[in-house]
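J.: Got work-v7.tsv for you, TSV, C-alpha atoms and all ligand atoms:
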chain	number	residue	atom	x	y	z
A	792	MET	CA	-17.90	-48.87	63.94
A	793	PRO	CA	-17.92	-51.96	61.69
A	794	ASN	CA	-16.76	-51.48	58.12
A	795	ASN	CA	-18.10	-53.61	55.34
A	796	PHE	CA	-15.48	-52.81	52.74
A	797	ARG	CA	-14.80	-55.61	50.26
A	798	VAL	CA	-11.14	-56.46	49.82
A	799	PHE	CA	-9.54	-58.98	47.46
A	800	ALA	CA	-5.96	-60.07	48.23
A	801	THR	CA	-4.18	-61.75	45.31
A	802	CYS	CA	-1.97	-63.53	47.84
A	803	ASP	CA	-2.07	-64.57	51.49
A	804	ILE	CA	0.09	-62.06	53.41
A	805	GLY	CA	-0.32	-63.77	56.78
A	806	ASP	CA	-1.80	-62.82	60.16
A	807	ALA	CA	-1.90	-59.09	59.38
A	808	LEU	CA	-5.06	-59.82	57.37
A	809	GLU	CA	-6.80	-60.49	60.71
A	810	VAL	CA	-6.63	-56.74	61.31
A	811	LEU	CA	-9.07	-56.29	58.41
A	812	ARG	CA	-11.36	-59.15	59.48
A	813	LYS	CA	-11.56	-57.74	63.01
A	814	ARG	CA	-12.62	-54.39	61.58
A	815	GLY	CA	-15.52	-56.08	59.78
A	816	TYR	CA	-14.08	-56.09	56.27
A	817	GLN	CA	-15.30	-58.74	53.82
A	818	LEU	CA	-12.00	-60.24	52.84
A	819	GLU	CA	-11.35	-62.73	50.06
A	820	VAL	CA	-7.84	-64.16	49.73
A	821	TYR	CA	-6.71	-66.00	46.60
A	822	PRO	CA	-5.74	-69.35	48.13
A	823	ASP	CA	-3.16	-70.62	45.63
A	824	PRO	CA	0.51	-69.74	46.35
A	825	LYS	CA	0.92	-68.92	42.65
A	826	ALA	CA	-0.38	-65.60	41.30
A	827	PRO	CA	-4.02	-65.55	40.12
A	828	PRO	CA	-4.63	-65.15	36.38
A	829	LYS	CA	-5.38	-61.57	35.43
A	830	GLY	CA	-8.89	-62.59	34.29
A	831	LEU	CA	-9.71	-63.71	37.82
A	832	ILE	CA	-8.63	-60.35	39.31
A	833	ILE	CA	-10.79	-58.62	36.69
A	834	ASP	CA	-13.80	-60.81	37.61
A	835	ARG	CA	-13.38	-60.05	41.29
A	836	LEU	CA	-13.13	-56.30	40.57
A	837	ARG	CA	-16.28	-56.38	38.43
A	838	SER	CA	-18.11	-57.85	41.41
A	839	GLY	CA	-17.51	-54.58	43.29
A	840	ILE	CA	-14.23	-54.66	45.25
A	841	ASP	CA	-13.21	-51.57	47.30
A	842	GLY	CA	-9.60	-52.51	47.96
A	843	LEU	CA	-7.12	-54.72	46.09
A	844	ILE	CA	-4.00	-56.16	47.76
A	845	THR	CA	-1.34	-56.94	45.14
A	846	THR	CA	2.18	-58.30	44.86
A	847	LEU	CA	4.85	-57.70	42.22
A	848	ARG	CA	3.45	-60.73	40.32
A	849	ASP	CA	0.23	-58.93	39.34
A	850	GLN	CA	0.08	-56.68	36.26
A	851	ILE	CA	-2.01	-53.70	37.37
A	852	ASP	CA	-2.94	-51.58	34.36
A	853	ALA	CA	-5.80	-49.88	32.48
A	854	GLU	CA	-7.75	-53.16	32.12
A	855	ILE	CA	-7.69	-53.65	35.89
A	856	PHE	CA	-8.67	-50.07	36.69
A	857	GLU	CA	-11.43	-50.22	34.10
A	858	ALA	CA	-12.83	-53.39	35.74
A	859	GLY	CA	-12.84	-51.63	39.11
A	860	LYS	CA	-14.40	-48.43	37.77
A	861	GLY	CA	-16.83	-46.89	40.26
A	862	THR	CA	-15.91	-49.15	43.17
A	863	LEU	CA	-12.13	-49.69	43.39
A	864	LYS	CA	-10.74	-47.12	45.83
A	865	VAL	CA	-7.20	-48.36	46.52
A	866	VAL	CA	-4.51	-50.77	45.35
A	867	ALA	CA	-2.23	-51.78	48.24
A	868	GLN	CA	1.03	-53.20	46.91
A	869	TYR	CA	2.95	-55.61	49.13
A	870	ALA	CA	6.44	-54.38	48.02
A	871	VAL	CA	8.46	-51.20	47.81
A	872	GLY	CA	8.96	-51.58	44.02
A	873	PHE	CA	5.82	-50.93	41.96
A	874	ASP	CA	6.98	-51.35	38.36
A	875	ASN	CA	4.09	-53.85	37.91
A	876	ILE	CA	1.61	-50.99	38.46
A	877	ASN	CA	1.00	-48.61	35.57
A	878	ARG	CA	1.21	-45.28	37.36
A	879	ALA	CA	-0.27	-43.29	34.47
A	880	ASP	CA	-3.31	-45.60	34.34
A	881	ALA	CA	-3.79	-45.36	38.13
A	882	ASN	CA	-3.58	-41.58	37.90
A	883	ARG	CA	-6.01	-41.35	35.00
A	884	CYS	CA	-8.55	-43.38	37.00
A	885	LYS	CA	-7.70	-41.46	40.20
A	886	VAL	CA	-7.01	-44.63	42.16
A	887	PRO	CA	-4.33	-44.21	44.83
A	888	PHE	CA	-1.82	-47.03	45.24
A	889	THR	CA	0.37	-47.67	48.26
A	890	ASN	CA	3.70	-49.48	48.77
A	891	THR	CA	5.70	-50.84	51.71
A	892	ALA	CA	8.86	-48.72	51.64
A	893	ASP	CA	11.27	-48.50	54.61
A	894	VAL	CA	10.27	-51.69	56.47
A	895	LEU	CA	12.30	-53.87	54.06
A	896	THR	CA	15.27	-51.53	53.69
A	897	GLU	CA	17.63	-53.12	56.24
A	898	ALA	CA	16.69	-56.72	55.35
A	899	THR	CA	17.28	-56.08	51.64
A	900	ALA	CA	20.56	-54.26	52.22
A	901	GLU	CA	21.91	-56.96	54.54
A	902	PHE	CA	21.00	-59.64	51.99
A	903	ALA	CA	22.80	-57.67	49.28
A	904	PHE	CA	25.84	-57.59	51.55
A	905	PHE	CA	25.62	-61.34	52.21
A	906	MET	CA	25.37	-61.94	48.44
A	907	LEU	CA	28.48	-59.82	47.99
A	908	GLY	CA	30.25	-61.86	50.67
A	909	SER	CA	29.16	-65.20	49.24
A	910	LEU	CA	30.60	-64.21	45.86
A	911	ALA	CA	33.83	-62.78	47.20
A	912	ARG	CA	34.68	-65.72	49.47
A	913	LYS	CA	33.28	-68.42	47.14
A	914	LEU	CA	30.95	-69.83	49.82
A	915	TRP	CA	28.96	-71.91	47.32
A	916	SER	CA	32.05	-73.55	45.75
A	917	ALA	CA	33.60	-74.12	49.19
A	918	GLU	CA	30.51	-75.88	50.52
A	919	HIS	CA	30.22	-78.01	47.39
A	920	LEU	CA	33.86	-79.06	47.78
A	921	THR	CA	33.13	-80.25	51.32
A	922	ARG	CA	29.76	-81.91	50.63
A	923	GLU	CA	30.92	-83.67	47.47
A	924	ASN	CA	33.91	-85.11	49.28
A	925	LYS	CA	36.39	-83.29	47.04
A	926	TRP	CA	38.23	-81.68	49.96
A	927	GLY	CA	41.28	-83.94	49.68
A	928	PHE	CA	43.84	-81.81	51.57
A	929	TRP	CA	44.38	-78.40	53.17
A	930	HIS	CA	46.61	-76.26	50.97
A	931	PRO	CA	47.67	-72.58	50.99
A	932	TYR	CA	45.96	-71.80	47.68
A	933	LEU	CA	44.43	-74.96	46.16
A	934	PRO	CA	41.87	-75.62	44.80
A	935	PHE	CA	40.92	-71.91	44.87
A	936	LEU	CA	41.00	-68.74	46.94
A	937	GLY	CA	38.45	-66.04	47.53
A	938	ASP	CA	38.88	-62.27	47.74
A	939	GLU	CA	38.68	-60.21	50.93
A	940	VAL	CA	35.92	-57.66	51.29
A	941	THR	CA	37.67	-55.63	54.00
A	942	GLY	CA	39.55	-52.66	52.56
A	943	LYS	CA	38.12	-53.10	49.06
A	944	THR	CA	36.09	-50.58	47.04
A	945	VAL	CA	32.35	-50.91	46.57
A	946	ALA	CA	30.22	-48.87	44.16
A	947	ILE	CA	26.66	-48.20	45.27
A	948	ILE	CA	24.44	-47.52	42.24
A	949	GLY	CA	21.34	-45.69	43.51
A	950	THR	CA	21.58	-43.98	46.90
A	951	GLY	CA	17.93	-44.15	47.94
A	952	ARG	CA	16.74	-46.03	51.02
A	953	ILE	CA	18.37	-49.41	50.34
A	954	GLY	CA	21.53	-47.93	48.78
A	955	LEU	CA	22.14	-45.83	51.90
A	956	ALA	CA	21.53	-48.83	54.18
A	957	MET	CA	24.00	-50.85	52.06
A	958	ILE	CA	26.55	-48.03	52.47
A	959	LYS	CA	26.17	-48.33	56.25
A	960	LYS	CA	26.80	-52.13	56.12
A	961	CYS	CA	29.82	-51.69	53.78
A	962	SER	CA	31.36	-48.98	55.96
A	963	GLY	CA	31.31	-51.48	58.86
A	964	PHE	CA	33.60	-53.68	56.73
A	965	ASP	CA	36.16	-50.89	56.26
A	966	MET	CA	35.37	-50.52	52.57
A	967	ASN	CA	36.01	-47.52	50.31
A	968	ILE	CA	32.65	-46.43	48.95
A	969	LEU	CA	31.86	-44.81	45.57
A	970	CYS	CA	28.30	-43.57	45.17
A	971	TYR	CA	26.37	-42.88	41.99
A	972	ASP	CA	22.85	-41.46	41.71
A	973	PRO	CA	21.86	-38.91	39.05
A	974	ALA	CA	18.59	-37.96	40.75
A	975	TYR	CA	19.15	-37.93	44.50
A	976	GLN	CA	22.35	-37.27	46.43
A	977	ASN	CA	22.32	-37.39	50.22
A	978	HIS	CA	25.51	-35.44	50.99
A	979	GLU	CA	24.58	-35.13	54.68
A	980	TYR	CA	24.48	-38.94	55.05
A	981	ILE	CA	27.73	-39.38	53.12
A	982	LYS	CA	29.40	-36.76	55.34
A	983	ALA	CA	28.17	-38.57	58.48
A	984	ILE	CA	29.53	-41.90	57.18
A	985	GLN	CA	32.93	-40.26	56.45
A	986	GLU	CA	32.99	-38.83	60.00
A	987	THR	CA	32.25	-42.30	61.39
A	988	ILE	CA	35.03	-43.80	59.25
A	989	ASP	CA	37.45	-41.08	60.40
A	990	LEU	CA	36.59	-41.72	64.05
A	991	ARG	CA	37.06	-45.49	63.64
A	992	TYR	CA	40.47	-44.83	62.05
A	993	ALA	CA	41.51	-42.27	64.67
A	994	ARG	CA	40.56	-44.67	67.49
A	995	GLY	CA	42.40	-47.61	65.91
A	996	ILE	CA	39.22	-49.58	65.15
A	997	GLN	CA	40.02	-49.73	61.43
A	998	LYS	CA	43.64	-49.96	60.27
A	999	GLU	CA	43.44	-48.32	56.85
A	1000	LYS	CA	41.94	-44.91	56.22
A	1001	THR	CA	39.00	-45.30	53.82
A	1002	SER	CA	36.68	-42.83	52.13
A	1003	ILE	CA	33.24	-42.30	50.65
A	1004	LYS	CA	32.27	-39.95	47.79
A	1005	TYR	CA	29.87	-39.39	44.90
A	1006	VAL	CA	31.41	-40.06	41.47
A	1007	SER	CA	30.26	-40.51	37.87
A	1008	LEU	CA	28.85	-43.90	36.80
A	1009	GLU	CA	31.89	-44.48	34.63
A	1010	ASP	CA	34.33	-43.80	37.49
A	1011	ALA	CA	32.30	-46.01	39.82
A	1012	LEU	CA	32.35	-48.93	37.37
A	1013	ARG	CA	36.00	-48.53	36.40
A	1014	GLN	CA	37.29	-48.37	39.98
A	1015	ALA	CA	35.09	-50.66	42.04
A	1016	ASP	CA	35.88	-54.19	43.22
A	1017	PHE	CA	32.17	-54.71	43.93
A	1018	VAL	CA	29.19	-53.01	42.29
A	1019	SER	CA	25.86	-53.20	44.12
A	1020	VAL	CA	22.70	-52.05	42.33
A	1021	HIS	CA	19.82	-50.34	44.21
A	1022	VAL	CA	17.79	-48.50	41.56
A	1023	PRO	CA	14.09	-48.74	40.70
A	1024	LEU	CA	13.14	-50.22	37.32
A	1025	LEU	CA	12.48	-47.21	35.08
A	1026	ARG	CA	11.83	-47.80	31.41
A	1027	GLU	CA	12.47	-45.38	28.54
A	1028	GLY	CA	10.12	-42.41	28.90
A	1029	GLU	CA	9.54	-42.97	32.62
A	1030	SER	CA	12.64	-41.02	33.71
A	1031	PRO	CA	15.36	-38.81	32.22
A	1032	THR	CA	17.76	-41.48	33.51
A	1033	PRO	CA	16.05	-44.83	32.79
A	1034	THR	CA	17.45	-47.95	34.41
A	1035	PHE	CA	16.21	-50.60	31.95
A	1036	HIS	CA	19.37	-52.47	30.83
A	1037	LEU	CA	21.53	-49.92	32.69
A	1038	PHE	CA	23.99	-52.80	32.88
A	1039	ASN	CA	24.45	-53.56	29.20
A	1040	GLU	CA	27.50	-54.76	27.32
A	1041	LYS	CA	29.10	-51.29	27.32
A	1042	ARG	CA	28.77	-50.78	31.10
A	1043	LEU	CA	29.79	-54.35	31.95
A	1044	ARG	CA	32.93	-53.87	29.86
A	1045	MET	CA	33.81	-50.81	32.00
A	1046	MET	CA	34.08	-53.00	35.11
A	1047	LYS	CA	37.39	-54.51	36.20
A	1048	PRO	CA	38.00	-58.19	35.31
A	1049	THR	CA	38.45	-58.84	39.05
A	1050	SER	CA	35.17	-57.15	40.02
A	1051	PHE	CA	31.81	-58.56	41.13
A	1052	LEU	CA	28.27	-57.37	40.37
A	1053	VAL	CA	25.40	-57.71	42.89
A	1054	ASN	CA	21.77	-57.01	41.94
A	1055	THR	CA	18.89	-56.94	44.42
A	1056	SER	CA	16.95	-54.21	42.58
A	1057	ARG	CA	14.94	-55.40	39.56
A	1058	GLY	CA	15.95	-57.95	36.92
A	1059	PRO	CA	15.52	-55.87	33.75
A	1060	VAL	CA	18.13	-53.39	35.08
A	1061	ILE	CA	20.68	-55.95	33.83
A	1062	ASP	CA	20.82	-57.29	30.27
A	1063	GLU	CA	21.12	-60.97	31.19
A	1064	ASN	CA	22.49	-62.02	27.79
A	1065	ALA	CA	25.25	-59.42	28.10
A	1066	LEU	CA	25.95	-60.53	31.68
A	1067	THR	CA	26.21	-64.19	30.66
A	1068	LYS	CA	28.70	-63.18	27.98
A	1069	ALA	CA	30.63	-61.08	30.52
A	1070	LEU	CA	30.87	-64.07	32.88
A	1071	LYS	CA	31.78	-66.56	30.15
A	1072	GLU	CA	34.45	-64.29	28.67
A	1073	ASN	CA	35.73	-63.14	32.09
A	1074	TRP	CA	35.10	-59.41	31.60
A	1075	ILE	CA	34.12	-59.53	35.29
A	1076	ALA	CA	34.88	-62.05	38.04
A	1077	GLY	CA	31.35	-62.86	39.13
A	1078	ALA	CA	27.76	-61.83	39.71
A	1079	ALA	CA	25.12	-62.50	42.35
A	1080	LEU	CA	21.50	-61.97	41.36
A	1081	ASP	CA	18.28	-61.94	43.38
A	1082	VAL	CA	16.04	-60.63	40.58
A	1083	TYR	CA	15.67	-61.51	36.89
A	1084	GLU	CA	14.29	-60.25	33.60
A	1085	LYS	CA	11.71	-63.05	33.87
A	1086	GLU	CA	10.68	-64.49	37.22
A	1087	PRO	CA	10.77	-67.26	38.31
A	1088	LEU	CA	14.05	-67.79	36.43
A	1089	PRO	CA	13.15	-69.92	33.36
A	1090	PRO	CA	14.80	-73.35	32.98
A	1091	GLU	CA	16.35	-72.23	29.68
A	1092	SER	CA	17.96	-69.07	31.14
A	1093	PRO	CA	21.56	-68.62	29.94
A	1094	LEU	CA	22.44	-67.72	33.54
A	1095	ARG	CA	22.06	-71.42	34.39
A	1096	ASP	CA	24.96	-72.37	32.08
A	1097	PRO	CA	27.11	-74.85	34.09
A	1098	SER	CA	30.30	-73.26	32.71
A	1099	ILE	CA	29.67	-70.14	34.86
A	1100	GLU	CA	28.07	-71.73	37.92
A	1101	ASP	CA	31.15	-71.20	40.10
A	1102	ARG	CA	30.89	-67.42	39.65
A	1103	CYS	CA	27.19	-66.80	39.20
A	1104	ARG	CA	25.10	-66.92	42.38
A	1105	LEU	CA	21.35	-67.11	41.84
A	1106	PHE	CA	18.70	-66.39	44.49
A	1107	PRO	CA	14.88	-66.50	44.27
A	1108	HIS	CA	13.89	-62.81	44.77
A	1109	PHE	CA	14.65	-63.41	48.41
A	1110	ALA	CA	16.31	-60.23	49.73
A	1111	SER	CA	13.35	-59.07	51.80
A	1112	ALA	CA	12.45	-62.64	52.80
A	1113	ALA	CA	13.00	-62.39	56.54
A	1114	ARG	CA	10.28	-63.28	59.03
A	1115	ILE	CA	9.57	-59.93	60.70
A	1116	THR	CA	10.19	-57.94	57.52
A	1117	ARG	CA	7.68	-59.96	55.51
A	1118	LEU	CA	4.98	-60.78	58.04
A	1119	SER	CA	4.89	-58.44	61.04
A	1120	PRO	CA	1.44	-56.85	61.37
A	1121	ASP	CA	3.18	-53.79	62.86
A	1122	PRO	CA	3.28	-51.14	60.07
A	1123	ALA	CA	6.57	-49.86	61.50
A	1124	LYS	CA	8.21	-53.30	61.11
A	1125	GLY	CA	6.57	-55.49	58.49
A	1126	MET	CA	5.51	-55.31	54.86
A	1127	ALA	CA	2.22	-57.02	55.77
A	1128	GLY	CA	1.42	-54.45	58.47
A	1129	ARG	CA	2.35	-51.53	56.25
A	1130	CYS	CA	0.36	-52.89	53.31
A	1131	ILE	CA	-2.75	-53.26	55.48
A	1132	GLN	CA	-2.31	-49.81	57.02
A	1133	GLY	CA	-1.98	-48.20	53.57
A	1134	LEU	CA	-5.25	-49.82	52.53
A	1135	ILE	CA	-7.03	-48.79	55.75
A	1136	ASP	CA	-5.81	-45.17	55.46
A	1137	VAL	CA	-7.49	-44.80	52.07
A	1138	LEU	CA	-10.68	-46.81	52.69
A	1139	GLU	CA	-11.38	-45.33	56.12
A	1140	ARG	CA	-10.41	-41.82	55.00
A	1141	ASN	CA	-7.71	-41.29	57.62
A	1142	TYR	CA	-5.86	-37.96	57.46
A	1143	SER	CA	-9.29	-36.33	56.90
A	1144	GLY	CA	-9.47	-38.25	53.62
A	1145	ASP	CA	-6.54	-36.22	52.22
A	1146	VAL	CA	-4.68	-38.74	50.04
A	1147	LYS	CA	-1.71	-36.37	49.70
A	1148	ARG	CA	-1.05	-36.62	53.45
A	1149	MET	CA	-1.24	-40.42	53.60
A	1150	PRO	CA	2.33	-41.63	54.15
A	1151	TYR	CA	2.14	-44.89	52.18
A	1152	VAL	CA	0.35	-43.57	49.07
A	1153	VAL	CA	2.78	-43.41	46.12
A	1154	ASN	CA	0.92	-41.52	43.36
A	1155	LYS	CA	0.06	-38.40	45.36
A	1156	GLU	CA	0.44	-36.28	42.23
A	1157	ALA	CA	-2.94	-37.52	40.94
A	1158	PHE	CA	-4.87	-35.92	43.82
A	1201	LIG	P1	14.45	-45.66	46.41
A	1201	LIG	O1	13.45	-45.09	45.50
A	1201	LIG	O2	14.52	-45.19	47.83
A	1201	LIG	O3	15.93	-45.51	45.79
A	1201	LIG	C1	16.22	-45.68	44.44
A	1201	LIG	C2	17.31	-44.69	44.07
A	1201	LIG	O4	17.73	-44.96	42.73
A	1201	LIG	C3	16.84	-43.22	44.10
A	1201	LIG	O5	17.67	-42.45	44.94
A	1201	LIG	C4	16.94	-42.78	42.65
A	1201	LIG	O6	17.34	-41.41	42.50
A	1201	LIG	C5	18.04	-43.71	42.14
A	1201	LIG	N1	18.07	-43.79	40.69
A	1201	LIG	C6	17.06	-43.60	39.79
A	1201	LIG	N2	17.53	-43.73	38.53
A	1201	LIG	C7	18.84	-44.01	38.63
A	1201	LIG	C8	19.86	-44.27	37.68
A	1201	LIG	N3	19.63	-44.24	36.36
A	1201	LIG	N4	21.11	-44.53	38.13
A	1201	LIG	C9	21.38	-44.56	39.46
A	1201	LIG	N5	20.45	-44.31	40.41
A	1201	LIG	C10	19.20	-44.05	40.00
A	1201	LIG	O7	14.19	-47.24	46.38
A	1201	LIG	P2	14.65	-48.31	47.47
A	1201	LIG	O8	13.64	-48.45	48.55
A	1201	LIG	O9	16.09	-48.04	47.85
A	1201	LIG	O10	14.58	-49.63	46.59
A	1201	LIG	C11	15.39	-49.79	45.43
A	1201	LIG	C12	14.82	-50.90	44.57
A	1201	LIG	O11	15.14	-52.17	45.20
A	1201	LIG	C13	13.29	-50.90	44.53
A	1201	LIG	O12	12.80	-50.08	43.52
A	1201	LIG	C14	12.94	-52.34	44.30
A	1201	LIG	O13	12.73	-52.52	42.93
A	1201	LIG	C15	14.17	-53.11	44.79
A	1201	LIG	N6	13.88	-54.00	45.91
A	1201	LIG	C16	14.11	-55.33	45.77
A	1201	LIG	C17	13.92	-56.20	46.85
A	1201	LIG	C18	14.21	-57.66	46.72
A	1201	LIG	O14	13.58	-58.45	47.43
A	1201	LIG	N7	15.14	-58.06	45.91
A	1201	LIG	C19	13.46	-55.69	48.07
A	1201	LIG	C20	13.24	-54.32	48.18
A	1201	LIG	C21	13.46	-53.48	47.09
Can you give me the file's structure in the form of structure tokens?
Ligand code: NAD
T.:
Amino acid sequence: MPNNFRVFATCDIGDALEVLRKRGYQLEVYPDPKAPPKGLIIDRLRSGIDGLITTLRDQIDAEIFEAGKGTLKVVAQYAVGFDNINRADANRCKVPFTNTADVLTEATAEFAFFMLGSLARKLWSAEHLTRENKWGFWHPYLPFLGDEVTGKTVAIIGTGRIGLAMIKKCSGFDMNILCYDPAYQNHEYIKAIQETIDLRYARGIQKEKTSIKYVSLEDALRQADFVSVHVPLLREGESPTPTFHLFNEKRLRMMKPTSFLVNTSRGPVIDENALTKALKENWIAGAALDVYEKEPLPPESPLRDPSIEDRCRLFPHFASAARITRLSPDPAKGMAGRCIQGLIDVLERNYSGDVKRMPYVVNKEAF
């Protein structure tokens, strides 16, 4: 049966949108690659939109829900993180919103691992040396050396979906793993990883015996050679353990001067001024960032300081940016497919219209 739902997508999310067109939806896609101004989203909503497809660039709050009052039935977010959506406002207006968890877990974790590797082995500096014709001779330790990853200790901050996937990647590199998460501890998973490590050691696949365990944040930061952050952005009042500026001056000073920090979670989890100071004054050895307090990274950001460029890797919110992960129309594989399916579930009243049973709806508590 044809559906004539009206959907506005604030961004083109690729071929998966054909799924909606084929079902008879009236679809309008904002054509510019940059985010639409909020006023434009409000105008579209006032014209009577049933479903809104959003990205992390759109601020979805009371003003937006007010504009969609009476017609807006779902906000489908093309991301797992949803800190751009005001959950309390969505709940007050009884509008369900969906996200695209799971399908980007492995891609994000592997990128975090590659960031860790690029920092440790100085890939950026090594390539510059070659390209800029400064590779004058082969030498045992000049002009610089990197640090091995194998056998080192990594701290995983946040053991949700991506943290656990990162643990799996790190265990394949024979690393010791320290886990910290005040709200969710998956002891079964950690036990299974330890059993895998033990088997690899017993069968001679890894030479050194390594271990995995939950520890306090302080122990994790004081002992780790690498710290990889996988928490949601939670501001004061949103959680008993907020993550806004979790990495401030005090926590950065707990880390070893030889250690590296990797962040693929959300920018405001790290105080960038404190991090710049930490890099300039060598409290830590380096950092690799995929996310920033302000995105895109402003030209005047202190992180761009040339004096720290050899130890500060900067990426453009790119961790989930892999072809299948971003674009597959299959909801089991791609963010686009999952985003579309979340929208369809709500608009077409799948699961007998029971929002609580819809797998991709986040704010089930409002229904
Ligand atoms: P998740 O909800 O499955 O896991 C987050 C974990 O963090 C949870 O286990 C939670 O208990 C824990 N946590 C909460 N507060 C904490 C605190 N104060 N200290 C330590 N741990 C805490 O989320 P996920 O799917 O693993 O994603 C993690 C985050 O990664 C997302 O929220 C998103 O912001 C970010 N992300 C970024 C990209 C990217 O492209 N860079 C891609 C995907 C996800």
J.: Write out as a PyMOL selection string each polymer residue whose atoms come within 10 Å of Val1022 in chain A, counting only C-alpha atoms; drop sequence neighbours fewer than 3 positions from it.
T.: chain A and resi 872+947-954+972+1019+1025+1033-1035+1037+1054-1057+1060
J.: To one decimal in Å, tell me the separation between CA of Glu857 in chain A and CA of Thr801 in chain A.
T.: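 So the answer is 17.6 Å.
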J.: Kindly indicate which residue among A:Tyr1151, A:Trp929, A:Phe1051, A:Phe873 lies nearest to ligand LIG 1201 (chain A), using all atoms listed in the file for the distances.
T.: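 Looking only at the distances to ligand LIG 1201 (chain A), the closest residue turns out to be A:Phe873.
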J.: Could you pull the residues within 10 Å of range 1108-1120 of chain A, counting only C-alpha atoms, minus those fewer than 4 positions along the same chain, as an mmCIF file with C-alpha atoms, keeping the file's coordinate frame?
T.:
data_model
loop_
_atom_site.group_PDB
_atom_site.id
_atom_site.type_symbol
_atom_site.label_atom_id
_atom_site.label_comp_id
_atom_site.auth_asym_id
_atom_site.auth_seq_id
_atom_site.Cartn_x
_atom_site.Cartn_y
_atom_site.Cartn_z
ATOM 1 C CA ILE A 804 0.090 -62.060 53.410
ATOM 2 C CA GLY A 805 -0.320 -63.770 56.780
ATOM 3 C CA ASP A 806 -1.800 -62.820 60.160
ATOM 4 C CA ALA A 807 -1.900 -59.090 59.380
ATOM 5 C CA LEU A 808 -5.060 -59.820 57.370
ATOM 6 C CA GLU A 809 -6.800 -60.490 60.710
ATOM 7 C CA VAL A 810 -6.630 -56.740 61.310
ATOM 8 C CA TYR A 869 2.950 -55.610 49.130
ATOM 9 C CA ALA A 870 6.440 -54.380 48.020
ATOM 10 C CA ASP A 893 11.270 -48.500 54.610
ATOM 11 C CA VAL A 894 10.270 -51.690 56.470
ATOM 12 C CA LEU A 895 12.300 -53.870 54.060
ATOM 13 C CA THR A 896 15.270 -51.530 53.690
ATOM 14 C CA GLU A 897 17.630 -53.120 56.240
ATOM 15 C CA ALA A 898 16.690 -56.720 55.350
ATOM 16 C CA THR A 899 17.280 -56.080 51.640
ATOM 17 C CA ALA A 900 20.560 -54.260 52.220
ATOM 18 C CA GLU A 901 21.910 -56.960 54.540
ATOM 19 C CA PHE A 902 21.000 -59.640 51.990
ATOM 20 C CA ALA A 903 22.800 -57.670 49.280
ATOM 21 C CA PHE A 905 25.620 -61.340 52.210
ATOM 22 C CA MET A 906 25.370 -61.940 48.440
ATOM 23 C CA THR A 1055 18.890 -56.940 44.420
ATOM 24 C CA SER A 1056 16.950 -54.210 42.580
ATOM 25 C CA ARG A 1057 14.940 -55.400 39.560
ATOM 26 C CA GLY A 1058 15.950 -57.950 36.920
ATOM 27 C CA LEU A 1080 21.500 -61.970 41.360
ATOM 28 C CA ASP A 1081 18.280 -61.940 43.380
ATOM 29 C CA VAL A 1082 16.040 -60.630 40.580
ATOM 30 C CA TYR A 1083 15.670 -61.510 36.890
ATOM 31 C CA GLU A 1086 10.680 -64.490 37.220
ATOM 32 C CA PRO A 1087 10.770 -67.260 38.310
ATOM 33 C CA LEU A 1088 14.050 -67.790 36.430
ATOM 34 C CA LYS A 1124 8.210 -53.300 61.110
ATOM 35 C CA GLY A 1125 6.570 -55.490 58.490
ATOM 36 C CA MET A 1126 5.510 -55.310 54.860
ATOM 37 C CA ALA A 1127 2.220 -57.020 55.770
ATOM 38 C CA GLY A 1128 1.420 -54.450 58.470
ATOM 39 C CA ARG A 1129 2.350 -51.530 56.250
ATOM 40 C CA CYS A 1130 0.360 -52.890 53.310
ATOM 41 C CA ILE A 1131 -2.750 -53.260 55.480
ATOM 42 C CA GLN A 1132 -2.310 -49.810 57.020
#
J.: Between atom C19 of ligand LIG 1201 (chain A) and CA of Phe856 in chain A, what is the distance in Å, rounded to a tenth?
T.: 25.5 Å
J.: Let me make sure I understand: among A:Ala1123, A:Cys884, A:Met957, A:Cys802, which one has the smallest atom-to-atom distance to ligand LIG 1201 (chain A) if we use all atoms listed in the file?
T.: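 Selected residue with least distance to ligand LIG 1201 (chain A): A:Met957.
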J.: For each of A:Phe1038, A:Phe799, A:Phe888, A:Trp915, take the minimum atom-to-atom distance to ligand LIG 1201 (chain A), counting only C-alpha atoms and all ligand atoms, then give the residue where this is smallest.
T.: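 Answer, going by the shortest atom-to-atom distance: A:Phe1038.
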J.: Using only C-alpha atoms and all ligand atoms, can you tell me which of A:His1036, A:Lys1000, A:Lys1155, A:Lys860 comes closest to ligand LIG 1201 (chain A)?
T.: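 Among the listed residues, A:His1036 lies closest to ligand LIG 1201 (chain A).
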J.: When you look at Asn1073 in chain A with a cut-off of 9 Å (counting all atoms listed in the file), what residues show up, excluding the ones that are within fewer than 5 positions of it in the same chain? I need them as an NGL selection string.
T.: :A and (1048-1049 or 1068)
J.: Please list as a list in words every residue within 10 Å of Trp1074 in chain A, counting all atoms listed in the file and excluding residues in the same chain fewer than 5 positions away.
T.: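 Neighbouring residues, sequence-local ones excluded: Glu1040, Leu1043, Arg1044, Met1045, Met1046, Lys1047, Pro1048, Thr1049, Ser1050, Leu1066, Lys1068 and Ala1069 of chain A.
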J.: Figure out the distance between CA of Leu818 in chain A and CA of Arg797 in chain A, please, to one decimal in Å.
T.: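 Computed distance, CA of Arg797 in chain A to CA of Leu818 in chain A, equals 6.0 Å.
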J.: Restricting the calculation to only C-alpha atoms and all ligand atoms, which member of A:Ile996, A:Ala892, A:Val1006, A:Leu1052 is positioned closest to ligand LIG 1201 (chain A)?
T.: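 Using only C-alpha atoms and all ligand atoms, the shortest distance to ligand LIG 1201 (chain A) belongs to A:Ala892.
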